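Shown here: final_25.pdb, PDB, C-alpha atoms, pLDDT in the B column.
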ATOM      1  CA  MET A 118     -22.121  39.398 -13.689  1.00 37.00           C
ATOM      2  CA  GLY A 119     -18.679  39.041 -12.145  1.00 42.00           C
ATOM      3  CA  THR A 120     -15.873  37.325 -13.947  1.00 45.00           C
ATOM      4  CA  SER A 121     -14.992  33.807 -12.827  1.00 47.00           C
ATOM      5  CA  TYR A 122     -11.596  33.217 -11.254  1.00 53.00           C
ATOM      6  CA  SER A 123     -10.020  29.785 -11.279  1.00 78.00           C
ATOM      7  CA  ILE A 124      -7.099  28.262  -9.431  1.00 80.00           C
ATOM      8  CA  THR A 125      -5.138  28.383 -12.672  1.00 86.00           C
ATOM      9  CA  ASP A 126      -5.481  32.165 -12.843  1.00 87.00           C
ATOM     10  CA  LYS A 127      -3.426  32.538  -9.667  1.00 89.00           C
ATOM     11  CA  PHE A 128      -0.332  31.159 -11.345  1.00 95.00           C
ATOM     12  CA  GLY A 129       0.677  33.765 -13.895  1.00 96.00           C
ATOM     13  CA  GLU A 130       1.911  37.315 -14.131  1.00 96.00           C
ATOM     14  CA  ASP A 131       0.515  38.403 -10.749  1.00 95.00           C
ATOM     15  CA  LEU A 132       2.287  35.564  -8.961  1.00 97.00           C
ATOM     16  CA  ALA A 133       5.511  36.330 -10.844  1.00 98.00           C
ATOM     17  CA  ARG A 134       5.284  39.928  -9.671  1.00 98.00           C
ATOM     18  CA  LEU A 135       4.694  38.833  -6.072  1.00 97.00           C
ATOM     19  CA  LEU A 136       7.682  36.475  -6.158  1.00 98.00           C
ATOM     20  CA  ALA A 137       9.895  39.057  -7.817  1.00 98.00           C
ATOM     21  CA  GLU A 138       9.084  41.649  -5.162  1.00 98.00           C
ATOM     22  CA  LYS A 139      10.074  39.229  -2.437  1.00 98.00           C
ATOM     23  CA  ILE A 140      13.185  37.853  -4.148  1.00 98.00           C
ATOM     24  CA  VAL A 141      14.766  41.152  -5.176  1.00 98.00           C
ATOM     25  CA  LYS A 142      14.877  42.225  -1.527  1.00 98.00           C
ATOM     26  CA  ARG A 143      17.136  39.238  -0.813  1.00 97.00           C
ATOM     27  CA  TYR A 144      18.931  39.008  -4.161  1.00 98.00           C
ATOM     28  CA  THR A 145      19.406  42.428  -5.703  1.00 98.00           C
ATOM     29  CA  ASP A 146      20.696  41.030  -9.014  1.00 97.00           C
ATOM     30  CA  PHE A 147      17.335  39.395  -9.713  1.00 98.00           C
ATOM     31  CA  GLN A 148      15.985  40.626 -13.050  1.00 98.00           C
ATOM     32  CA  SER A 149      12.416  41.219 -11.950  1.00 98.00           C
ATOM     33  CA  ALA A 150      11.054  42.765 -15.135  1.00 98.00           C
ATOM     34  CA  ALA A 151      12.414  39.993 -17.344  1.00 98.00           C
ATOM     35  CA  PHE A 152      11.152  37.289 -14.994  1.00 98.00           C
ATOM     36  CA  ILE A 153       7.647  38.774 -14.853  1.00 98.00           C
ATOM     37  CA  LYS A 154       7.456  39.178 -18.621  1.00 98.00           C
ATOM     38  CA  GLU A 155       8.681  35.647 -19.303  1.00 98.00           C
ATOM     39  CA  VAL A 156       6.196  34.158 -16.844  1.00 98.00           C
ATOM     40  CA  ALA A 157       3.340  36.181 -18.383  1.00 97.00           C
ATOM     41  CA  VAL A 158       4.169  34.910 -21.872  1.00 98.00           C
ATOM     42  CA  SER A 159       5.093  31.329 -20.971  1.00 98.00           C
ATOM     43  CA  THR A 160       2.051  30.552 -18.819  1.00 97.00           C
ATOM     44  CA  LYS A 161      -0.561  31.543 -21.373  1.00 96.00           C
ATOM     45  CA  GLY A 162      -2.788  28.639 -22.328  1.00 95.00           C
ATOM     46  CA  LYS A 163      -1.195  26.356 -19.742  1.00 96.00           C
ATOM     47  CA  THR A 164      -2.903  24.284 -17.045  1.00 94.00           C
ATOM     48  CA  TYR A 165      -2.364  24.934 -13.361  1.00 93.00           C
ATOM     49  CA  THR A 166       0.308  22.231 -13.004  1.00 93.00           C
ATOM     50  CA  GLN A 167       2.072  23.370 -16.169  1.00 96.00           C
ATOM     51  CA  ARG A 168       2.124  26.958 -14.928  1.00 97.00           C
ATOM     52  CA  VAL A 169       3.683  25.959 -11.614  1.00 97.00           C
ATOM     53  CA  GLU A 170       6.424  24.121 -13.490  1.00 98.00           C
ATOM     54  CA  VAL A 171       7.004  27.037 -15.877  1.00 98.00           C
ATOM     55  CA  ILE A 172       7.505  29.405 -12.952  1.00 98.00           C
ATOM     56  CA  ALA A 173       9.884  26.949 -11.259  1.00 98.00           C
ATOM     57  CA  ASP A 174      11.915  26.636 -14.462  1.00 98.00           C
ATOM     58  CA  LEU A 175      12.143  30.416 -14.825  1.00 98.00           C
ATOM     59  CA  LEU A 176      13.242  30.721 -11.210  1.00 98.00           C
ATOM     60  CA  ASP A 177      16.059  28.336 -12.053  1.00 98.00           C
ATOM     61  CA  ILE A 178      17.082  30.566 -14.965  1.00 98.00           C
ATOM     62  CA  HIS A 179      16.984  33.823 -13.026  1.00 98.00           C
ATOM     63  CA  LEU A 180      18.447  32.685  -9.704  1.00 98.00           C
ATOM     64  CA  PRO A 181      22.127  31.885  -9.092  1.00 97.00           C
ATOM     65  CA  PHE A 182      23.372  28.725 -10.810  1.00 96.00           C
ATOM     66  CA  ALA A 183      24.466  27.089  -7.545  1.00 97.00           C
ATOM     67  CA  TYR A 184      21.479  25.263  -6.075  1.00 98.00           C
ATOM     68  CA  LYS A 185      22.484  25.890  -2.451  1.00 98.00           C
ATOM     69  CA  GLU A 186      22.658  29.613  -3.061  1.00 98.00           C
ATOM     70  CA  ALA A 187      19.371  29.686  -4.963  1.00 98.00           C
ATOM     71  CA  ILE A 188      17.444  27.685  -2.372  1.00 98.00           C
ATOM     72  CA  HIS A 189      18.862  29.861   0.399  1.00 98.00           C
ATOM     73  CA  ILE A 190      17.341  32.881  -1.335  1.00 98.00           C
ATOM     74  CA  LEU A 191      13.991  31.167  -1.839  1.00 98.00           C
ATOM     75  CA  LEU A 192      13.759  29.960   1.749  1.00 98.00           C
ATOM     76  CA  SER A 193      14.596  33.449   2.998  1.00 98.00           C
ATOM     77  CA  ILE A 194      11.371  34.831   1.472  1.00 98.00           C
ATOM     78  CA  LEU A 195       9.014  32.288   3.039  1.00 97.00           C
ATOM     79  CA  GLY A 196       8.237  34.352   6.113  1.00 95.00           C
ATOM     80  CA  GLU A 197       6.388  33.116   9.175  1.00 95.00           C
ATOM     81  CA  GLU A 198       4.992  29.600   9.363  1.00 95.00           C
ATOM     82  CA  ASN A 199       1.350  29.030   8.494  1.00 94.00           C
ATOM     83  CA  PRO A 200      -0.527  28.636  11.798  1.00 93.00           C
ATOM     84  CA  LYS A 201      -3.654  27.288  10.109  1.00 91.00           C
ATOM     85  CA  GLU A 202      -4.698  23.887   8.797  1.00 89.00           C
ATOM     86  CA  THR A 203      -5.006  25.137   5.247  1.00 79.00           C
ATOM     87  CA  GLY A 204      -4.212  23.558   1.926  1.00 65.00           C
ATOM     88  CA  MET A 205      -2.351  24.679  -1.156  1.00 72.00           C
ATOM     89  CA  PHE A 206      -4.547  27.416  -2.569  1.00 78.00           C
ATOM     90  CA  THR A 207      -5.011  29.867   0.278  1.00 79.00           C
ATOM     91  CA  ASN A 208      -2.654  32.558   1.596  1.00 83.00           C
ATOM     92  CA  PHE A 209       0.545  30.629   0.849  1.00 93.00           C
ATOM     93  CA  TYR A 210      -0.349  29.452  -2.668  1.00 94.00           C
ATOM     94  CA  TRP A 211       2.645  31.416  -3.999  1.00 96.00           C
ATOM     95  CA  VAL A 212       5.022  28.910  -2.377  1.00 97.00           C
ATOM     96  CA  LEU A 213       4.024  26.097  -4.764  1.00 96.00           C
ATOM     97  CA  PRO A 214       6.599  26.994  -7.478  1.00 98.00           C
ATOM     98  CA  ILE A 215       9.319  26.928  -4.811  1.00 98.00           C
ATOM     99  CA  GLY A 216       8.334  23.371  -3.933  1.00 98.00           C
ATOM    100  CA  LYS A 217       8.416  22.489  -7.632  1.00 98.00           C
ATOM    101  CA  TYR A 218      11.875  24.052  -7.893  1.00 98.00           C
ATOM    102  CA  VAL A 219      13.152  21.733  -5.147  1.00 98.00           C
ATOM    103  CA  GLU A 220      11.409  18.771  -6.769  1.00 98.00           C
ATOM    104  CA  LYS A 221      13.063  19.393 -10.140  1.00 98.00           C
ATOM    105  CA  TYR A 222      16.469  20.779  -9.257  1.00 98.00           C
ATOM    106  CA  GLY A 223      17.313  19.604  -5.742  1.00 98.00           C
ATOM    107  CA  LEU A 224      17.760  15.861  -6.107  1.00 98.00           C
ATOM    108  CA  SER A 225      21.564  16.039  -6.204  1.00 97.00           C
ATOM    109  CA  ASP A 226      21.691  17.901  -2.880  1.00 98.00           C
ATOM    110  CA  TYR A 227      19.635  15.650  -0.638  1.00 98.00           C
ATOM    111  CA  ASN A 228      20.205  17.142   2.804  1.00 98.00           C
ATOM    112  CA  VAL A 229      19.695  20.743   1.696  1.00 98.00           C
ATOM    113  CA  SER A 230      16.536  19.773  -0.159  1.00 98.00           C
ATOM    114  CA  MET A 231      15.029  17.823   2.713  1.00 98.00           C
ATOM    115  CA  ARG A 232      15.509  20.786   5.025  1.00 98.00           C
ATOM    116  CA  ALA A 233      13.932  22.984   2.355  1.00 98.00           C
ATOM    117  CA  ILE A 234      10.927  20.660   2.002  1.00 98.00           C
ATOM    118  CA  ALA A 235      10.404  20.753   5.764  1.00 98.00           C
ATOM    119  CA  GLU A 236      10.263  24.550   5.670  1.00 98.00           C
ATOM    120  CA  ILE A 237       8.078  24.676   2.569  1.00 98.00           C
ATOM    121  CA  THR A 238       5.489  22.320   4.032  1.00 97.00           C
ATOM    122  CA  LYS A 239       5.097  24.569   7.090  1.00 97.00           C
ATOM    123  CA  ARG A 240       3.680  27.231   4.760  1.00 96.00           C
ATOM    124  CA  ASN A 241       2.188  25.309   1.854  1.00 95.00           C
ATOM    125  CA  THR A 242       2.948  21.630   1.210  1.00 95.00           C
ATOM    126  CA  GLY A 243       5.938  19.418   0.466  1.00 96.00           C
ATOM    127  CA  GLU A 244       3.846  16.445  -0.605  1.00 96.00           C
ATOM    128  CA  TYR A 245       4.860  16.755  -4.265  1.00 97.00           C
ATOM    129  CA  SER A 246       8.460  17.872  -3.929  1.00 97.00           C
ATOM    130  CA  ILE A 247       9.358  14.977  -1.658  1.00 98.00           C
ATOM    131  CA  ARG A 248       8.261  12.218  -4.017  1.00 98.00           C
ATOM    132  CA  PRO A 249      11.392  12.011  -6.214  1.00 98.00           C
ATOM    133  CA  PHE A 250      13.474  11.816  -3.035  1.00 98.00           C
ATOM    134  CA  ILE A 251      11.339   8.910  -1.816  1.00 98.00           C
ATOM    135  CA  ARG A 252      11.815   7.118  -5.133  1.00 98.00           C
ATOM    136  CA  ASN A 253      15.567   7.650  -5.254  1.00 98.00           C
ATOM    137  CA  PHE A 254      16.405   7.371  -1.548  1.00 98.00           C
ATOM    138  CA  PRO A 255      13.554   5.346  -0.032  1.00 98.00           C
ATOM    139  CA  ALA A 256      15.223   4.052   3.136  1.00 98.00           C
ATOM    140  CA  HIS A 257      16.822   7.347   4.131  1.00 98.00           C
ATOM    141  CA  THR A 258      13.696   9.365   3.365  1.00 98.00           C
ATOM    142  CA  LEU A 259      11.478   6.978   5.331  1.00 98.00           C
ATOM    143  CA  GLN A 260      13.720   7.518   8.351  1.00 98.00           C
ATOM    144  CA  ILE A 261      13.280  11.263   8.091  1.00 98.00           C
ATOM    145  CA  MET A 262       9.531  10.977   7.573  1.00 98.00           C
ATOM    146  CA  GLU A 263       9.249   8.731  10.611  1.00 98.00           C
ATOM    147  CA  LYS A 264      10.832  11.523  12.657  1.00 98.00           C
ATOM    148  CA  TRP A 265       8.430  14.033  11.100  1.00 98.00           C
ATOM    149  CA  ALA A 266       5.526  11.812  12.141  1.00 98.00           C
ATOM    150  CA  GLN A 267       6.613  12.391  15.745  1.00 98.00           C
ATOM    151  CA  SER A 268       7.160  16.133  15.346  1.00 98.00           C
ATOM    152  CA  ASP A 269       5.387  18.777  17.413  1.00 98.00           C
ATOM    153  CA  ASN A 270       4.652  20.563  14.122  1.00 98.00           C
ATOM    154  CA  PHE A 271       1.372  19.352  12.617  1.00 98.00           C
ATOM    155  CA  HIS A 272       2.466  20.347   9.100  1.00 97.00           C
ATOM    156  CA  LEU A 273       5.405  17.935   9.320  1.00 98.00           C
ATOM    157  CA  ARG A 274       3.213  15.202  10.745  1.00 98.00           C
ATOM    158  CA  ARG A 275       0.783  15.636   7.859  1.00 98.00           C
ATOM    159  CA  LEU A 276       3.620  15.492   5.330  1.00 98.00           C
ATOM    160  CA  ALA A 277       4.783  12.198   6.834  1.00 98.00           C
ATOM    161  CA  SER A 278       1.478  10.761   5.632  1.00 98.00           C
ATOM    162  CA  GLU A 279       0.571  12.861   2.600  1.00 98.00           C
ATOM    163  CA  GLY A 280       3.966  12.624   0.923  1.00 98.00           C
ATOM    164  CA  LEU A 281       3.832   8.822   0.969  1.00 98.00           C
ATOM    165  CA  ARG A 282       0.347   8.443  -0.485  1.00 98.00           C
ATOM    166  CA  PRO A 283       0.542   6.006  -3.423  1.00 98.00           C
ATOM    167  CA  LYS A 284      -2.240   7.762  -5.379  1.00 96.00           C
ATOM    168  CA  LEU A 285      -1.803  11.412  -4.435  1.00 95.00           C
ATOM    169  CA  PRO A 286      -4.007  13.674  -6.604  1.00 93.00           C
ATOM    170  CA  TRP A 287      -2.148  15.694  -9.269  1.00 88.00           C
ATOM    171  CA  ALA A 288       0.954  13.545  -8.785  1.00 91.00           C
ATOM    172  CA  THR A 289       2.410  10.521 -10.491  1.00 90.00           C
ATOM    173  CA  ARG A 290       1.756   7.274  -8.665  1.00 95.00           C
ATOM    174  CA  LEU A 291       4.208   6.287  -5.967  1.00 97.00           C
ATOM    175  CA  ASP A 292       4.669   2.532  -6.286  1.00 97.00           C
ATOM    176  CA  THR A 293       7.958   2.315  -4.353  1.00 97.00           C
ATOM    177  CA  PHE A 294       6.343   0.442  -1.477  1.00 98.00           C
ATOM    178  CA  ASN A 295       3.668  -1.523  -3.321  1.00 97.00           C
ATOM    179  CA  HIS A 296       5.400  -4.781  -2.408  1.00 96.00           C
ATOM    180  CA  CYS A 297       6.201  -3.726   1.171  1.00 97.00           C
ATOM    181  CA  PRO A 298       3.351  -1.511   2.440  1.00 98.00           C
ATOM    182  CA  GLU A 299       4.291  -2.356   6.015  1.00 98.00           C
ATOM    183  CA  LYS A 300       7.119   0.188   5.748  1.00 98.00           C
ATOM    184  CA  VAL A 301       4.578   2.932   5.160  1.00 98.00           C
ATOM    185  CA  PHE A 302       2.058   1.513   7.634  1.00 98.00           C
ATOM    186  CA  LYS A 303       4.729   1.851  10.329  1.00 98.00           C
ATOM    187  CA  ILE A 304       4.550   5.620   9.902  1.00 98.00           C
ATOM    188  CA  LEU A 305       0.745   5.654   9.801  1.00 98.00           C
ATOM    189  CA  GLU A 306       0.728   3.740  13.092  1.00 98.00           C
ATOM    190  CA  ILE A 307       2.505   6.696  14.684  1.00 98.00           C
ATOM    191  CA  LEU A 308      -0.189   9.029  13.363  1.00 98.00           C
ATOM    192  CA  LYS A 309      -3.296   6.970  14.061  1.00 98.00           C
ATOM    193  CA  GLU A 310      -4.224   8.896  17.236  1.00 98.00           C
ATOM    194  CA  ASP A 311      -3.281  12.354  15.992  1.00 98.00           C
ATOM    195  CA  PRO A 312      -5.772  14.932  17.302  1.00 98.00           C
ATOM    196  CA  VAL A 313      -5.299  17.443  14.455  1.00 98.00           C
ATOM    197  CA  LEU A 314      -7.968  17.225  11.744  1.00 97.00           C
ATOM    198  CA  PHE A 315      -5.493  18.226   9.021  1.00 96.00           C
ATOM    199  CA  VAL A 316      -3.380  15.191   9.875  1.00 98.00           C
ATOM    200  CA  LYS A 317      -6.289  12.813  10.405  1.00 98.00           C
ATOM    201  CA  LYS A 318      -7.728  13.614   6.977  1.00 97.00           C
ATOM    202  CA  SER A 319      -4.386  12.814   5.371  1.00 97.00           C
ATOM    203  CA  VAL A 320      -4.074   9.473   7.158  1.00 98.00           C
ATOM    204  CA  ALA A 321      -7.634   8.524   6.209  1.00 97.00           C
ATOM    205  CA  ASN A 322      -7.152   9.505   2.574  1.00 97.00           C
ATOM    206  CA  HIS A 323      -3.835   7.687   2.565  1.00 98.00           C
ATOM    207  CA  LEU A 324      -5.504   4.471   3.710  1.00 97.00           C
ATOM    208  CA  THR A 325      -8.209   4.924   1.079  1.00 96.00           C
ATOM    209  CA  ASP A 326      -5.396   4.974  -1.479  1.00 97.00           C
ATOM    210  CA  TRP A 327      -4.007   1.728  -0.089  1.00 97.00           C
ATOM    211  CA  LEU A 328      -7.412   0.083  -0.217  1.00 96.00           C
ATOM    212  CA  LYS A 329      -7.249   0.634  -3.973  1.00 95.00           C
ATOM    213  CA  VAL A 330      -3.611  -0.436  -4.295  1.00 96.00           C
ATOM    214  CA  ASP A 331      -3.530  -3.440  -1.944  1.00 97.00           C
ATOM    215  CA  LYS A 332      -6.799  -4.100  -0.139  1.00 95.00           C
ATOM    216  CA  ASP A 333      -5.588  -7.416   1.282  1.00 96.00           C
ATOM    217  CA  ALA A 334      -2.692  -5.707   3.064  1.00 97.00           C
ATOM    218  CA  THR A 335      -4.768  -2.762   4.269  1.00 97.00           C
ATOM    219  CA  MET A 336      -7.834  -4.544   5.625  1.00 95.00           C
ATOM    220  CA  PRO A 337      -6.076  -6.173   8.613  1.00 96.00           C
ATOM    221  CA  LEU A 338      -4.734  -2.785   9.671  1.00 97.00           C
ATOM    222  CA  LEU A 339      -8.171  -1.173   9.466  1.00 96.00           C
ATOM    223  CA  ARG A 340      -9.833  -4.011  11.341  1.00 95.00           C
ATOM    224  CA  ARG A 341      -7.213  -3.765  14.066  1.00 97.00           C
ATOM    225  CA  TRP A 342      -7.601   0.008  14.311  1.00 97.00           C
ATOM    226  CA  ALA A 343     -11.395  -0.436  14.449  1.00 95.00           C
ATOM    227  CA  LYS A 344     -10.982  -2.137  17.817  1.00 96.00           C
ATOM    228  CA  SER A 345      -9.446   1.011  19.274  1.00 96.00           C
ATOM    229  CA  ASN A 346     -11.267   3.139  21.820  1.00 96.00           C
ATOM    230  CA  ASN A 347      -9.424   6.245  20.651  1.00 98.00           C
ATOM    231  CA  LYS A 348     -11.835   8.716  19.052  1.00 98.00           C
ATOM    232  CA  HIS A 349      -9.245  10.000  16.579  1.00 98.00           C
ATOM    233  CA  THR A 350      -8.378   6.499  15.370  1.00 98.00           C
ATOM    234  CA  MET A 351     -12.056   5.696  14.968  1.00 97.00           C
ATOM    235  CA  TRP A 352     -12.595   8.895  12.986  1.00 97.00           C
ATOM    236  CA  ILE A 353      -9.791   7.867  10.613  1.00 97.00           C
ATOM    237  CA  VAL A 354     -11.178   4.349  10.198  1.00 96.00           C
ATOM    238  CA  LYS A 355     -14.683   5.630   9.477  1.00 94.00           C
ATOM    239  CA  ARG A 356     -13.488   8.131   6.895  1.00 95.00           C
ATOM    240  CA  ALA A 357     -11.053   5.719   5.234  1.00 95.00           C
ATOM    241  CA  SER A 358     -13.702   3.028   4.851  1.00 88.00           C
ATOM    242  CA  ARG A 359     -16.629   5.255   3.919  1.00 81.00           C
ATOM    243  CA  LYS A 360     -16.772   4.153   0.269  1.00 61.00           C
ATOM    244  CA  ILE A 361     -16.544   0.407   0.683  1.00 59.00           C
ATOM    245  CA  ASP A 362     -18.199  -2.290   2.775  1.00 56.00           C
ATOM    246  CA  LEU A 363     -15.497  -3.303   5.223  1.00 48.00           C
ATOM    247  CA  LEU A 364     -17.846  -4.971   7.735  1.00 44.00           C
ATOM    248  CA  LEU A 365     -15.713  -3.389  10.434  1.00 47.00           C
ATOM    249  CA  ALA A 366     -18.377  -3.985  13.025  1.00 46.00           C
ATOM    250  CA  ASP A 367     -17.245  -7.576  13.080  1.00 45.00           C
ATOM    251  CA  THR A 368     -13.814  -7.000  14.607  1.00 44.00           C
ATOM    252  CA  VAL A 369     -13.410 -10.442  16.137  1.00 38.00           C
ATOM    253  CA  ASP A 370     -10.831 -12.514  14.313  1.00 40.00           C
ATOM    254  CA  LYS A 371     -12.208 -15.774  13.079  1.00 35.00           C
TER     255      LYS A 371
END

Since I need it in another form, could you write the structure as structure tokens?
Amino acid sequence: MGTSYSITDKFGEDLARLLAEKIVKRYTDFQSAAFIKEVAVSTKGKTYTQRVEVIADLLDIHLPFAYKEAIHILLSILGEENPKETGMFTNFYWVLPIGKYVEKYGLSDYNVSMRAIAEITKRNTGEYSIRPFIRNFPAHTLQIMEKWAQSDNFHLRRLASEGLRPKLPWATRLDTFNHCPEKVFKILEILKEDPVLFVKKSVANHLTDWLKVDKDATMPLLRRWAKSNNKHTMWIVKRASRKIDLLLADTVDK
């Protein structure tokens, strides 16, 4: 019988070695051996999310103290953009600790970090790293995410939805807009006819979150979208409402 291999197993010594090999080409002072050893020891017995954070913390220790310099090095190793509609655990899984690094250490350098998140999400995802920026700078970040929703890059369009989900899996709840969901719905309106499945799934899952957070605010939007003749909008509505009885067939306002 073969040995089982879990997601957690990806985030340990092998990943540290991969990162070290990439980083040392851009930053020759990087202490690869020490970094690899510390990751191997510190990730033992940890969960997947804990391991990602451990690696991010050790990157902070081994990279230059100045955040701008450190993030420049990390962005330089990202390589070509991901052309596929893939999630976090495929070819670019190794980028996750870089996103965590921005999430934990980049809050005081907003503009640099937002540019970094945009590049990270084109390979892996920025849905977690962007959340503290939303909480601390909601208006400014919404403006940027509205622009991303109109981007030609489907990864950025997906992030405009996924990053704002109030109940994103493996993330703390985002309640910043619980009392004003219309600010988020404005961005989802831009995405409601998106033809890319990767984006449509995010919008549908996002609305499913809102049905749990504020059903009364979300139902009118879904009923309105259900009147659309656009096949992509209808796909989103069907998926978002698949677990509850919305009675969307009755779309005539009473």

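Going from CA of Ser149 (chain A) to CA of Arg134 (chain A) covers 7.6 Å.
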
For a cut-off of 12 Å around (-7.4, 17.8, 10.2), file coordinates, pick out all residues using all atoms listed in the file and list them as a ChimeraX atom specification.
-> /A:201-204,271-272,274-275,308,310-322,349,352-353,356

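The environment of Glu236 (chain A) within 8 Å, counting all atoms listed in the file and disregarding residues fewer than 4 places along the same chain, consists of Leu192, Arg232 and Arg240 of chain A.
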
What do you get, as a ChimeraX atom specification, if you spell out every residue that the PyMOL selection byres ((chain A and resi 323-329) around 12) selects here?
-> /A:275-286,290-292,294-299,301-302,304-306,308-309,316-322,330-339,342,353-363

When the PyMOL selection byres ((chain A and resi 207-210) around 12) is applied to the file above, which residues end up in the set, as number ranges by chain?
-> A: 124-128, 132, 135-136, 165, 169, 194-206, 211-216, 237-242

Find the distance between CA of Ile153 (chain A) and CA of Lys217 (chain A) and write it in Å to one decimal.
->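 Straight-line distance from CA of Ile153 (chain A) to CA of Lys217 (chain A) works out to 17.8 Å.
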
Check what the PyMOL selection byres ((chain A and resi 160) around 12) selects in the file above and give those residues as a ChimeraX atom specification.
-> /A:125-133,152-159,161-175

In Å, how far is it from CA of Tyr184 (chain A) to CA of Ile234 (chain A)?
->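 Those two atoms sit 14.1 Å apart.
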
Counting all atoms listed in the file, which residues of region 131-249 of chain A fall within 12 Å of region 254-260 of chain A, and what is the closest atom pair for each with its distance in Å at one decimal, ordered by chain and rising number, as JSON lines?
{"residue": "A:Leu224", "atom": "CA", "partner": "A:Phe254", "partner_atom": "CA", "distance": 9.7}
{"residue": "A:Ser225", "atom": "CA", "partner": "A:Phe254", "partner_atom": "CA", "distance": 11.1}
{"residue": "A:Asp226", "atom": "CA", "partner": "A:Phe254", "partner_atom": "CA", "distance": 11.9}
{"residue": "A:Tyr227", "atom": "CA", "partner": "A:Phe254", "partner_atom": "CA", "distance": 8.9}
{"residue": "A:Asn228", "atom": "CA", "partner": "A:Thr258", "partner_atom": "CA", "distance": 10.2}
{"residue": "A:Ser230", "atom": "CA", "partner": "A:Thr258", "partner_atom": "CA", "distance": 11.3}
{"residue": "A:Met231", "atom": "CA", "partner": "A:Thr258", "partner_atom": "CA", "distance": 8.6}
{"residue": "A:Arg232", "atom": "CA", "partner": "A:Thr258", "partner_atom": "CA", "distance": 11.7}
{"residue": "A:Ile234", "atom": "CA", "partner": "A:Thr258", "partner_atom": "CA", "distance": 11.7}
{"residue": "A:Ile247", "atom": "CA", "partner": "A:Thr258", "partner_atom": "CA", "distance": 8.7}
{"residue": "A:Arg248", "atom": "CA", "partner": "A:Pro255", "partner_atom": "CA", "distance": 9.5}
{"residue": "A:Pro249", "atom": "CA", "partner": "A:Phe254", "partner_atom": "CA", "distance": 8.3}

Determine, counting only C-alpha atoms, which protein, DNA and RNA residues have an atom within 10 Å of an atom of Tyr144 (chain A); residues of the same chain fewer than 6 positions away are not included. Present the result as JSON, numbers by chain.
-> {"A": [137, 180, 181, 187, 190, 191]}

Mind writing the picked residues with C-alpha atoms as a PDB file, keeping the file's coordinate frame?
ATOM      1  CA  ALA A 137       9.895  39.057  -7.817  1.00 98.00           C
ATOM      2  CA  LEU A 180      18.447  32.685  -9.704  1.00 98.00           C
ATOM      3  CA  PRO A 181      22.127  31.885  -9.092  1.00 97.00           C
ATOM      4  CA  ALA A 187      19.371  29.686  -4.963  1.00 98.00           C
ATOM      5  CA  ILE A 190      17.341  32.881  -1.335  1.00 98.00           C
ATOM      6  CA  LEU A 191      13.991  31.167  -1.839  1.00 98.00           C
TER       7      LEU A 191
END

Quick one: region 133-142 of chain A with N, CA, C and O atoms, as an mmCIF file, in the first residue's frame?
data_model
loop_
_atom_site.group_PDB
_atom_site.id
_atom_site.type_symbol
_atom_site.label_atom_id
_atom_site.label_comp_id
_atom_site.auth_asym_id
_atom_site.auth_seq_id
_atom_site.Cartn_x
_atom_site.Cartn_y
_atom_site.Cartn_z
ATOM 1 N N ALA A 133 10.291 24.492 2.230
ATOM 2 C CA ALA A 133 11.360 25.396 2.656
ATOM 3 C C ALA A 133 12.550 25.316 1.698
ATOM 4 O O ALA A 133 13.151 26.325 1.335
ATOM 5 N N ARG A 134 12.857 24.110 1.272
ATOM 6 C CA ARG A 134 13.974 23.918 0.341
ATOM 7 C C ARG A 134 13.667 24.578 -1.008
ATOM 8 O O ARG A 134 14.518 25.233 -1.610
ATOM 9 N N LEU A 135 12.426 24.406 -1.470
ATOM 10 C CA LEU A 135 12.019 25.008 -2.740
ATOM 11 C C LEU A 135 12.119 26.529 -2.670
ATOM 12 O O LEU A 135 12.656 27.186 -3.576
ATOM 13 N N LEU A 136 11.594 27.113 -1.589
ATOM 14 C CA LEU A 136 11.654 28.560 -1.418
ATOM 15 C C LEU A 136 13.096 29.049 -1.324
ATOM 16 O O LEU A 136 13.469 30.064 -1.930
ATOM 17 N N ALA A 137 13.895 28.339 -0.562
ATOM 18 C CA ALA A 137 15.289 28.736 -0.382
ATOM 19 C C ALA A 137 16.038 28.758 -1.708
ATOM 20 O O ALA A 137 16.824 29.673 -1.985
ATOM 21 N N GLU A 138 15.795 27.747 -2.533
ATOM 22 C CA GLU A 138 16.460 27.675 -3.835
ATOM 23 C C GLU A 138 16.090 28.857 -4.717
ATOM 24 O O GLU A 138 16.931 29.382 -5.457
ATOM 25 N N LYS A 139 14.868 29.287 -4.627
ATOM 26 C CA LYS A 139 14.418 30.428 -5.420
ATOM 27 C C LYS A 139 14.952 31.746 -4.851
ATOM 28 O O LYS A 139 15.418 32.629 -5.596
ATOM 29 N N ILE A 140 14.878 31.889 -3.520
ATOM 30 C CA ILE A 140 15.263 33.146 -2.889
ATOM 31 C C ILE A 140 16.753 33.425 -3.009
ATOM 32 O O ILE A 140 17.173 34.557 -3.296
ATOM 33 N N VAL A 141 17.584 32.432 -2.805
ATOM 34 C CA VAL A 141 19.030 32.655 -2.776
ATOM 35 C C VAL A 141 19.559 33.139 -4.131
ATOM 36 O O VAL A 141 20.601 33.799 -4.202
ATOM 37 N N LYS A 142 18.831 32.853 -5.192
ATOM 38 C CA LYS A 142 19.224 33.358 -6.510
ATOM 39 C C LYS A 142 19.018 34.867 -6.616
ATOM 40 O O LYS A 142 19.682 35.540 -7.413
#
